[in-house]
>>> print(open('model_27.txt').read())   # compact mmCIF, C-alpha atoms
# COMPACT_ATOMS: atom_id res chain seq x y z
CA MET A 468 0.00 0.00 0.00
CA ILE A 469 1.31 3.44 -0.94
CA VAL A 470 2.06 5.68 2.06
CA ARG A 471 3.17 9.19 1.18
CA ASN A 472 2.28 12.83 1.58
CA LYS A 473 0.02 14.37 -1.03
CA PRO A 474 2.23 15.29 -4.02
CA ASN A 475 2.09 18.66 -5.70
CA ALA A 476 0.75 19.21 -9.20
CA LEU A 477 4.16 18.77 -10.86
CA GLN A 478 4.99 15.60 -8.94
CA LEU A 479 1.64 14.11 -9.93
CA LEU A 480 2.77 14.04 -13.57
CA PHE A 481 5.91 11.99 -12.92
CA ILE A 482 5.12 9.67 -9.99
CA MET A 483 5.42 6.03 -11.06
CA ARG A 484 5.52 4.25 -7.68
CA GLY A 485 1.93 3.19 -7.06
CA SER A 486 0.77 4.43 -10.44
CA ILE A 487 -1.15 2.15 -12.76
CA VAL A 488 0.74 3.50 -15.81
CA PRO A 489 3.46 0.78 -15.94
CA ALA A 490 0.76 -1.91 -16.09
CA ILE A 491 -1.11 -0.30 -18.98
CA LEU A 492 1.80 1.29 -20.84
CA PRO A 493 1.70 -1.23 -23.74
CA GLN A 494 -1.99 -0.48 -24.37
CA ILE A 495 -1.36 3.28 -24.23
CA ILE A 496 1.55 3.04 -26.67
CA PHE A 497 -0.46 0.88 -29.07
CA VAL A 498 -3.43 3.28 -29.07
CA ALA A 499 -1.08 6.27 -29.48
CA LEU A 500 0.63 4.63 -32.47
CA LEU A 501 -2.74 3.74 -33.96
CA GLY A 502 -3.95 7.31 -33.50
CA GLY A 503 -0.74 8.67 -35.03
CA GLY A 504 -1.03 6.35 -38.02
CA VAL A 505 -4.64 7.32 -38.61
CA ALA A 506 -3.79 11.03 -38.29
CA ILE A 507 -0.93 10.79 -40.81
CA ALA A 508 -3.07 8.77 -43.21
CA HIS A 509 -5.76 11.43 -42.95
CA VAL A 510 -3.28 14.12 -44.00
CA TYR A 511 -2.36 12.31 -47.22
CA TYR A 512 -5.63 10.51 -47.96
CA PRO A 513 -8.42 12.62 -46.46
CA SER A 514 -10.98 11.20 -48.86
CA ILE A 515 -10.95 7.77 -47.23
CA PHE A 516 -12.00 9.27 -43.89
CA PRO A 517 -15.55 10.53 -44.24
CA GLN A 518 -16.85 13.18 -41.88
CA GLN A 519 -18.34 11.41 -38.87
CA THR A 520 -20.29 12.69 -35.92
CA LEU A 521 -18.89 11.98 -32.47
CA ALA A 522 -22.33 11.28 -31.01
CA PRO A 523 -21.98 7.45 -31.17
CA PHE A 524 -18.62 7.65 -29.41
CA GLY A 525 -20.13 9.92 -26.77
CA LEU A 526 -22.95 7.51 -26.06
CA LEU A 527 -20.63 4.49 -26.00
CA GLY A 528 -18.18 6.37 -23.79
CA VAL A 529 -20.87 7.20 -21.24
CA ALA A 530 -22.02 3.57 -21.14
CA LEU A 531 -18.46 2.31 -20.78
CA SER A 532 -17.79 4.83 -18.01
CA LEU A 533 -20.80 3.58 -16.09
CA PHE A 534 -19.66 -0.05 -16.44
CA LEU A 535 -16.10 0.81 -15.37
CA GLY A 536 -17.37 2.89 -12.46
CA PHE A 537 -19.60 0.10 -11.24
CA ARG A 538 -16.80 -2.45 -11.49
CA ASN A 539 -14.35 -0.12 -9.77
CA ASN A 540 -16.82 0.42 -6.90
CA ALA A 541 -17.36 -3.34 -6.57
CA ALA A 542 -13.58 -3.94 -6.49
CA TYR A 543 -13.05 -1.17 -3.94
CA ASP A 544 -15.81 -2.61 -1.75
CA ARG A 545 -13.86 -5.90 -1.66
CA TRP A 546 -10.64 -4.03 -0.77
CA TRP A 547 -12.35 -2.01 1.97
CA GLU A 548 -14.13 -5.03 3.41
CA ALA A 549 -10.82 -6.88 3.59
CA ARG A 550 -9.29 -3.91 5.41
CA LYS A 551 -12.17 -3.84 7.90
CA GLN A 552 -11.78 -7.55 8.56
CA TRP A 553 -8.09 -7.14 9.35
CA GLY A 554 -8.92 -4.18 11.57
CA GLN A 555 -11.33 -6.47 13.42
CA LEU A 556 -8.59 -9.08 13.74
CA ILE A 557 -6.33 -6.51 15.43
CA VAL A 558 -9.15 -5.72 17.87
CA ASP A 559 -9.80 -9.41 18.59
CA ALA A 560 -6.13 -10.26 19.07
CA ARG A 561 -5.53 -7.36 21.46
CA SER A 562 -8.73 -8.16 23.36
CA LEU A 563 -7.81 -11.83 23.74
CA ALA A 564 -4.35 -10.91 25.02
CA ARG A 565 -5.84 -8.42 27.46
CA GLN A 566 -8.35 -10.97 28.73
CA ALA A 567 -5.71 -13.69 29.06
CA THR A 568 -3.32 -11.48 31.03
CA SER A 569 -6.05 -9.83 33.12
CA TYR A 570 -8.49 -12.64 33.92
CA ILE A 571 -6.00 -15.44 34.53
CA ASP A 572 -4.37 -14.95 37.92
CA SER A 573 -0.61 -15.02 37.32
CA SER A 574 0.01 -16.18 40.87
CA LEU A 575 -1.71 -19.52 40.25
CA ASP A 576 0.35 -22.58 39.37
CA GLY A 577 0.90 -22.80 35.61
CA ALA A 578 -0.98 -19.56 34.89
CA PRO A 579 1.96 -17.64 33.28
CA GLU A 580 2.58 -20.54 30.89
CA VAL A 581 -1.10 -20.59 29.90
CA GLN A 582 -1.11 -16.84 29.32
CA ARG A 583 1.95 -17.04 27.10
CA ARG A 584 0.57 -20.03 25.23
CA LEU A 585 -2.70 -18.27 24.42
CA VAL A 586 -0.96 -15.08 23.31
CA ASN A 587 1.68 -16.90 21.24
CA LEU A 588 -0.95 -18.96 19.42
CA THR A 589 -2.85 -15.78 18.63
CA ILE A 590 0.26 -14.23 17.10
CA ALA A 591 0.88 -17.43 15.16
CA PHE A 592 -2.70 -17.32 13.86
CA SER A 593 -2.28 -13.80 12.44
CA HIS A 594 0.92 -14.82 10.65
CA ALA A 595 -0.66 -18.04 9.38
CA LEU A 596 -3.68 -16.20 7.99
CA ARG A 597 -1.44 -13.72 6.17
CA HIS A 598 0.62 -16.48 4.60
CA GLN A 599 -2.48 -18.47 3.67
CA LEU A 600 -3.96 -15.47 1.85
CA ARG A 601 -0.66 -14.75 0.09
CA LYS A 602 0.14 -18.42 -0.56
CA SER A 603 3.59 -18.13 1.04
CA ASP A 604 5.60 -20.25 3.47
CA PRO A 605 4.53 -19.48 7.08
CA TRP A 606 6.98 -21.52 9.13
CA ASP A 607 9.68 -18.88 9.65
CA ASP A 608 7.09 -16.63 11.28
CA ILE A 609 4.94 -19.07 13.26
CA GLY A 610 7.74 -21.43 14.30
CA ARG A 611 8.76 -18.98 17.04
CA TYR A 612 5.31 -19.02 18.63
CA VAL A 613 4.33 -22.71 18.68
CA GLU A 614 5.72 -25.64 20.64
CA VAL A 615 8.05 -28.13 18.99
CA GLU A 616 5.49 -30.90 19.42
CA ASP A 617 2.89 -28.76 17.60
CA ILE A 618 4.89 -28.51 14.37
CA GLU A 619 4.15 -32.04 13.13
CA GLN A 620 0.43 -31.64 13.76
CA LEU A 621 0.33 -28.23 12.10
CA GLU A 622 2.27 -29.45 9.08
CA GLN A 623 -0.48 -32.00 8.44
CA ALA A 624 -3.25 -29.41 8.67
CA LYS A 625 -5.18 -28.56 5.50
CA ASN A 626 -6.13 -25.18 6.99
CA LEU A 627 -3.32 -23.89 9.18
CA PRO A 628 -5.10 -20.85 10.70
CA ASP A 629 -8.13 -22.96 11.62
CA SER A 630 -5.88 -25.56 13.22
CA LEU A 631 -4.29 -22.84 15.35
CA LEU A 632 -7.71 -21.62 16.43
CA ARG A 633 -8.54 -25.15 17.57
CA MET A 634 -5.34 -25.17 19.62
CA ILE A 635 -6.39 -21.89 21.24
CA GLY A 636 -9.79 -23.43 22.01
CA LYS A 637 -8.21 -26.50 23.56
CA LYS A 638 -5.96 -24.38 25.74
CA LEU A 639 -9.01 -22.38 26.80
CA GLY A 640 -10.73 -25.66 27.70
CA SER A 641 -7.75 -26.66 29.83
CA CYS A 642 -8.09 -23.34 31.66
CA ARG A 643 -11.62 -24.39 32.58
CA HIS A 644 -10.52 -27.78 33.84
CA LYS A 645 -7.72 -26.22 35.90
CA LEU A 646 -10.14 -23.61 37.27
CA LEU A 647 -7.99 -20.77 35.94
CA LEU A 648 -11.07 -19.13 34.42
CA SER A 649 -14.72 -19.19 35.40
CA ASP A 650 -17.43 -20.21 32.94
CA PHE A 651 -18.51 -16.60 32.59
CA LEU A 652 -15.01 -15.35 31.75
CA ILE A 653 -14.36 -18.23 29.37
CA GLN A 654 -17.46 -17.24 27.41
CA GLY A 655 -16.01 -13.76 26.83
CA VAL A 656 -12.66 -15.14 25.65
CA ASP A 657 -14.38 -17.68 23.42
CA GLU A 658 -16.28 -14.85 21.71
CA ARG A 659 -12.91 -13.40 20.64
CA ILE A 660 -11.90 -16.75 19.15
CA THR A 661 -15.21 -17.01 17.31
CA SER A 662 -14.74 -13.49 15.95
CA MET A 663 -11.26 -14.41 14.71
CA ALA A 664 -12.75 -17.41 12.94
CA GLY A 665 -15.27 -15.05 11.35
CA VAL A 666 -12.44 -12.82 10.09
CA GLN A 667 -10.72 -15.83 8.56
CA ALA A 668 -13.92 -17.00 6.85
CA ALA A 669 -14.59 -13.50 5.47
CA CYS A 670 -11.06 -13.25 4.06
CA GLU A 671 -11.39 -16.69 2.47
CA ARG A 672 -14.71 -15.63 0.95
CA ILE A 673 -13.16 -12.52 -0.56
CA GLN A 674 -10.20 -14.47 -1.93
CA ASN A 675 -12.19 -17.39 -3.32
CA THR A 676 -15.11 -15.44 -4.82
CA PRO A 677 -13.88 -13.10 -7.56
CA LEU A 678 -16.08 -10.75 -9.51
CA PRO A 679 -17.99 -12.55 -12.30
CA PHE A 680 -15.64 -13.25 -15.20
CA ALA A 681 -18.31 -12.52 -17.82
CA TYR A 682 -18.70 -9.00 -16.45
CA MET A 683 -14.95 -8.38 -16.52
CA LEU A 684 -14.80 -9.73 -20.08
CA LEU A 685 -17.59 -7.42 -21.22
CA VAL A 686 -15.89 -4.34 -19.78
CA GLN A 687 -12.47 -5.19 -21.23
CA ARG A 688 -13.80 -6.00 -24.69
CA THR A 689 -15.81 -2.78 -24.79
CA ALA A 690 -12.82 -0.72 -23.64
CA TYR A 691 -10.56 -2.21 -26.33
CA LEU A 692 -13.16 -1.77 -29.08
CA TYR A 693 -13.82 1.82 -28.05
CA CYS A 694 -10.13 2.79 -28.00
CA LEU A 695 -9.51 1.04 -31.35
CA MET A 696 -12.38 2.86 -33.06
CA LEU A 697 -11.80 6.23 -31.40
CA PRO A 698 -8.99 7.49 -33.72
CA PHE A 699 -11.21 7.02 -36.77
CA GLY A 700 -13.96 9.08 -35.16
CA LEU A 701 -11.66 11.87 -33.95
CA VAL A 702 -9.31 12.33 -36.88
CA ALA A 703 -11.69 14.39 -39.03
CA SER A 704 -12.12 17.04 -36.32
CA GLN A 705 -8.81 16.80 -34.41
CA GLY A 706 -6.32 16.04 -37.15
CA LEU A 707 -2.77 15.56 -35.91
CA ALA A 708 -3.92 16.05 -32.29
CA THR A 709 -5.78 12.72 -32.50
CA PRO A 710 -3.00 10.68 -30.74
CA LEU A 711 -3.08 13.03 -27.75
CA PHE A 712 -6.81 12.55 -27.18
CA CYS A 713 -6.44 8.80 -27.71
CA ILE A 714 -3.73 8.63 -25.03
CA VAL A 715 -5.90 10.45 -22.49
CA VAL A 716 -8.92 8.22 -23.16
CA ALA A 717 -6.82 5.03 -23.15
CA TYR A 718 -5.16 6.02 -19.88
CA THR A 719 -8.56 6.64 -18.28
CA PHE A 720 -10.35 3.51 -19.45
CA PHE A 721 -7.47 1.01 -19.31
CA GLY A 722 -6.27 2.54 -16.04
CA LEU A 723 -9.64 2.10 -14.34
CA ASP A 724 -9.83 -1.47 -15.61
CA ALA A 725 -6.31 -2.35 -14.38
CA LEU A 726 -6.88 -0.64 -11.03
CA SER A 727 -10.08 -2.63 -10.54
CA GLU A 728 -8.13 -5.86 -11.14
CA GLU A 729 -5.61 -4.87 -8.45
CA LEU A 730 -8.23 -3.89 -5.89
CA GLU A 731 -10.22 -7.05 -6.60
CA GLU A 732 -7.39 -9.10 -5.02
CA PRO A 733 -6.59 -7.10 -1.86
CA PHE A 734 -4.29 -9.69 -0.26
CA GLY A 735 -1.52 -9.71 -2.88
CA LEU A 736 1.86 -7.99 -3.03
CA SER A 737 1.16 -5.20 -5.52
CA THR A 738 1.66 -1.60 -4.44
CA ASN A 739 -2.07 -0.99 -3.99
CA ASP A 740 -2.82 -4.13 -1.97
CA LEU A 741 -3.28 -4.26 1.79
CA PRO A 742 -0.15 -4.10 4.00
CA LEU A 743 -0.77 -7.46 5.69
CA HIS A 744 2.82 -7.77 6.86
CA ALA A 745 2.65 -4.42 8.64
CA MET A 746 -0.68 -5.32 10.25
CA THR A 747 0.56 -8.69 11.52
CA ARG A 748 3.61 -6.93 12.94
CA THR A 749 1.25 -4.52 14.73
CA ILE A 750 -0.53 -7.50 16.29
CA GLU A 751 2.79 -9.08 17.22
CA ILE A 752 4.05 -5.92 18.93
CA SER A 753 0.82 -5.34 20.87
CA LEU A 754 0.58 -8.92 22.13
CA LEU A 755 4.24 -9.20 23.13
CA GLU A 756 3.87 -5.96 25.06
CA ALA A 757 0.86 -7.46 26.84
CA LEU A 758 3.11 -10.30 28.00
CA GLY A 759 5.75 -7.85 29.19
CA ASP A 760 8.40 -9.05 26.74
CA LYS A 761 11.45 -6.86 26.23
CA ASN A 762 12.53 -8.26 22.86
CA ILE A 763 9.85 -6.63 20.71
CA PRO A 764 10.32 -6.22 16.95
CA GLU A 765 10.16 -2.82 15.28
CA PRO A 766 7.10 -1.82 13.22
CA ILE A 767 7.31 -2.40 9.48
CA ALA A 768 8.43 0.81 7.78
CA PRO A 769 7.51 1.85 4.22
CA ILE A 770 10.15 1.21 1.57
CA SER A 771 10.07 3.79 -1.24
CA HIS A 772 6.65 4.93 0.05
CA CYS A 773 5.31 1.35 -0.17
CA LEU A 774 4.12 -0.44 2.98
CA ASN A 775 4.06 -4.21 2.56
>>> encode(input="model_27.txt", output="structure tokens")
Amino acid sequence: MIVRNKPNALQLLFIMRGSIVPAILPQIIFVALLGGGVAIAHVYYPSIFPQQTLAPFGLLGVALSLFLGFRNNAAYDRWWEARKQWGQLIVDARSLARQATSYIDSSLDGAPEVQRRLVNLTIAFSHALRHQLRKSDPWDDIGRYVEVEDIEQLEQAKNLPDSLLRMIGKKLGSCRHKLLLSDFLIQGVDERITSMAGVQAACERIQNTPLPFAYMLLVQRTAYLYCLMLPFGLVASQGLATPLFCIVVAYTFFGLDALSEELEEPFGLSTNDLPLHAMTRTIEISLLEALGDKNIPEPIAPISHCLN
């Protein structure tokens, strides 16, 4: 995710980091070359380009803008919902750590170990969920927060975050058997675990349910057809300025389409995706502080204005 101060008007023209231009540059160049070729042909062979009204292009452009706007809104809704779910996960993780360290009496036999176990498994869950969504290897991150005897069981799990939630639930059950928590207090802690499971399910739903392919295909086909036909409609009135107008239109339509594709998958590693690594580090820092640890990692800092 891009993190930077608002650029001035001059900087806006040259910023590439976080811009969609590199992704759509081939399309822009192709449309510009097409527009230039049509404009040059019109200079030497004006008779083959009859005078055409721009009304059809105006109507088609309005319709395409509505389609692109609707798709962009749908993609942004997915991105924003994913961000809200991870915000909820931060709340749940901090709340569980607070409840574990506040409700379990540290003076009781075995209580500090239970507190640390619950908090460590919660940190491991946040890392595991991030790696599951990004399809990356989680073991370097979660290996520090699980017991050695847990590794073999977790390696066999089809759904690693869910398996960690079950471990948290089992440890909560052992607190009940050891009378470290009352039934009333356990219910409050269990609500945090259930909420974390809800966050995981919502993220899986977002990842596994893309926008309908037929809708995306319709928008892309229409955008390409419009930009390919546009030079022939503009050349009679704009002449050699036709490529300039084609570039602006191509940047707008292809840019909105490419940006929608990025926002549609909010858990990836592109510059406009969510900073899952930074958010898991936030959880890690908060929960280690709740345990009173001294060896706490530093927050993730943006690199070239990009927060991962």
>>> residues_around(input="model_27.txt", residues="Ile495 (chain A)", least_positions_apart="5", cutoff="7 Å", atoms="all atoms listed in the file", output="list of chain:residue names")
A:Ile714, A:Ala717, A:Tyr718
>>> write_last_selection(input="model_27.txt", atoms="C-alpha atoms", output="compact mmCIF listing (two decimals), keeping the file's coordinate frame")
# COMPACT_ATOMS: atom_id res chain seq x y z
CA ILE A 714 -3.73 8.63 -25.03
CA ALA A 717 -6.82 5.03 -23.15
CA TYR A 718 -5.16 6.02 -19.88
>>> residues_around(input="model_27.txt", residues="region 694-698 of chain A", least_positions_apart="2", cutoff="8 Å", atoms="all atoms listed in the file", output="PyMOL selection string")
chain A and resi 498+501-502+505-506+524+690-692+700-702+709-710+713+716-717
>>> write_last_selection(input="model_27.txt", atoms="C-alpha atoms", output="compact mmCIF listing (two decimals), in the frame of the given file")
# COMPACT_ATOMS: atom_id res chain seq x y z
CA VAL A 498 -3.43 3.28 -29.07
CA LEU A 501 -2.74 3.74 -33.96
CA GLY A 502 -3.95 7.31 -33.50
CA VAL A 505 -4.64 7.32 -38.61
CA ALA A 506 -3.79 11.03 -38.29
CA PHE A 524 -18.62 7.65 -29.41
CA ALA A 690 -12.82 -0.72 -23.64
CA TYR A 691 -10.56 -2.21 -26.33
CA LEU A 692 -13.16 -1.77 -29.08
CA GLY A 700 -13.96 9.08 -35.16
CA LEU A 701 -11.66 11.87 -33.95
CA VAL A 702 -9.31 12.33 -36.88
CA THR A 709 -5.78 12.72 -32.50
CA PRO A 710 -3.00 10.68 -30.74
CA CYS A 713 -6.44 8.80 -27.71
CA VAL A 716 -8.92 8.22 -23.16
CA ALA A 717 -6.82 5.03 -23.15
>>> atom_distance(input="model_27.txt", atom1="CA of Ile515 (chain A)", atom2="CA of Leu527 (chain A)")
23.6 Å
>>> closest_residue(input="model_27.txt", among="A:Ala703, A:Leu711, A:Leu652, A:Leu596", to="Ala669 (chain A)", atoms="all atoms listed in the file")
A:Leu596
>>> residues_around(input="model_27.txt", residues="region 582-586 of chain A", least_positions_apart="6", cutoff="12 Å", atoms="all atoms listed in the file", output="number ranges by chain")
A: 559-576, 592-593, 611-614, 617, 631-642, 647-648, 656-657, 659-660, 750-760
>>> atom_distance(input="model_27.txt", atom1="CA of Ala541 (chain A)", atom2="CA of Tyr682 (chain A)")
11.5 Å
>>> atom_distance(input="model_27.txt", atom1="CA of Glu580 (chain A)", atom2="CA of Ile609 (chain A)")
17.8 Å
>>> closest_atom_pairs(input="model_27.txt", of="region 539-632 of chain A", to="region 722-726 of chain A", cutoff="12 Å", atoms="all atoms listed in the file", output="CSV")
residue,atom,partner,partner_atom,distance
A:Asn539,CA,A:Leu723,CA,6.9
A:Asn540,CA,A:Leu723,CA,10.5
A:Ala541,CA,A:Leu726,CA,11.7
A:Ala542,CA,A:Leu726,CA,8.7
A:Tyr543,CA,A:Leu726,CA,9.4
A:Trp546,CA,A:Leu726,CA,11.4
>>> closest_residue(input="model_27.txt", among="A:Gly735, A:Pro769, A:Gln705, A:Thr719", to="Val510 (chain A)", atoms="all atoms listed in the file")
A:Gln705
>>> residues_around(input="model_27.txt", residues="Gln599 (chain A)", least_positions_apart="5", cutoff="8 Å", atoms="all atoms listed in the file", output="PyMOL selection string")
chain A and resi 605+627-628
>>> closest_residue(input="model_27.txt", among="A:Lys645, A:Gln623, A:Ser603, A:Phe712", to="Phe699 (chain A)", atoms="all atoms listed in the file")
A:Phe712
>>> residues_near_point(input="model_27.txt", point="(4.8, -0.3, 7.8)", cutoff="8 Å", atoms="all atoms listed in the file", output="list in words")
Pro742, His744, Ala745, Met746, Pro766, Ile767, Ala768, Pro769, Leu774 and Asn775 of chain A
>>> closest_residue(input="model_27.txt", among="A:Ile507, A:Leu531, A:Leu556, A:Leu500", to="Ala664 (chain A)", atoms="only C-alpha atoms")
A:Leu556
>>> closest_residue(input="model_27.txt", among="A:Thr738, A:Asp607, A:Thr676, A:Val666", to="Lys551 (chain A)", atoms="all atoms listed in the file")
A:Val666
>>> decode(input="model_27.txt", residues="region 620-642 of chain A", atoms="N, CA and C atoms", output="short mmCIF file (atom, residue, chain, number, x, y, z; two decimals), in the first residue's frame")
data_model
loop_
_atom_site.label_atom_id
_atom_site.label_comp_id
_atom_site.auth_asym_id
_atom_site.auth_seq_id
_atom_site.Cartn_x
_atom_site.Cartn_y
_atom_site.Cartn_z
N GLN A 620 1.89 -31.71 13.92
CA GLN A 620 0.43 -31.64 13.76
C GLN A 620 0.02 -30.52 12.81
N LEU A 621 0.68 -29.37 12.95
CA LEU A 621 0.33 -28.23 12.10
C LEU A 621 0.74 -28.46 10.66
N GLU A 622 1.83 -29.17 10.45
CA GLU A 622 2.27 -29.45 9.08
C GLU A 622 1.28 -30.33 8.33
N GLN A 623 0.51 -31.12 9.06
CA GLN A 623 -0.48 -32.00 8.44
C GLN A 623 -1.82 -31.30 8.21
N ALA A 624 -1.96 -30.10 8.74
CA ALA A 624 -3.25 -29.41 8.67
C ALA A 624 -3.52 -28.91 7.27
N LYS A 625 -4.75 -29.10 6.80
CA LYS A 625 -5.18 -28.56 5.50
C LYS A 625 -5.44 -27.06 5.59
N ASN A 626 -5.85 -26.60 6.76
CA ASN A 626 -6.13 -25.18 6.99
C ASN A 626 -5.38 -24.77 8.24
N LEU A 627 -4.20 -24.20 8.05
CA LEU A 627 -3.32 -23.89 9.18
C LEU A 627 -3.92 -22.89 10.16
N PRO A 628 -4.50 -21.77 9.71
CA PRO A 628 -5.10 -20.85 10.70
C PRO A 628 -6.21 -21.49 11.52
N ASP A 629 -7.04 -22.31 10.89
CA ASP A 629 -8.13 -22.96 11.62
C ASP A 629 -7.58 -23.94 12.65
N SER A 630 -6.50 -24.64 12.28
CA SER A 630 -5.88 -25.56 13.22
C SER A 630 -5.33 -24.82 14.44
N LEU A 631 -4.79 -23.63 14.23
CA LEU A 631 -4.29 -22.84 15.35
C LEU A 631 -5.42 -22.35 16.24
N LEU A 632 -6.55 -22.01 15.63
CA LEU A 632 -7.71 -21.62 16.43
C LEU A 632 -8.19 -22.78 17.30
N ARG A 633 -8.15 -23.98 16.76
CA ARG A 633 -8.54 -25.15 17.57
C ARG A 633 -7.58 -25.33 18.75
N MET A 634 -6.30 -25.08 18.51
CA MET A 634 -5.34 -25.17 19.62
C MET A 634 -5.65 -24.13 20.69
N ILE A 635 -6.01 -22.93 20.27
CA ILE A 635 -6.39 -21.89 21.24
C ILE A 635 -7.61 -22.34 22.03
N GLY A 636 -8.59 -22.95 21.34
CA GLY A 636 -9.79 -23.43 22.01
C GLY A 636 -9.49 -24.53 23.01
N LYS A 637 -8.58 -25.43 22.64
CA LYS A 637 -8.21 -26.50 23.56
C LYS A 637 -7.50 -25.95 24.79
N LYS A 638 -6.65 -24.98 24.59
CA LYS A 638 -5.96 -24.38 25.74
C LYS A 638 -6.96 -23.64 26.63
N LEU A 639 -7.96 -23.03 26.02
CA LEU A 639 -9.01 -22.38 26.80
C LEU A 639 -9.80 -23.42 27.60
N GLY A 640 -10.05 -24.58 26.97
CA GLY A 640 -10.73 -25.66 27.70
C GLY A 640 -9.92 -26.16 28.88
N SER A 641 -8.59 -26.21 28.70
CA SER A 641 -7.75 -26.66 29.83
C SER A 641 -7.78 -25.64 30.96
N CYS A 642 -7.95 -24.36 30.61
CA CYS A 642 -8.09 -23.34 31.66
C CYS A 642 -9.33 -23.61 32.51
#
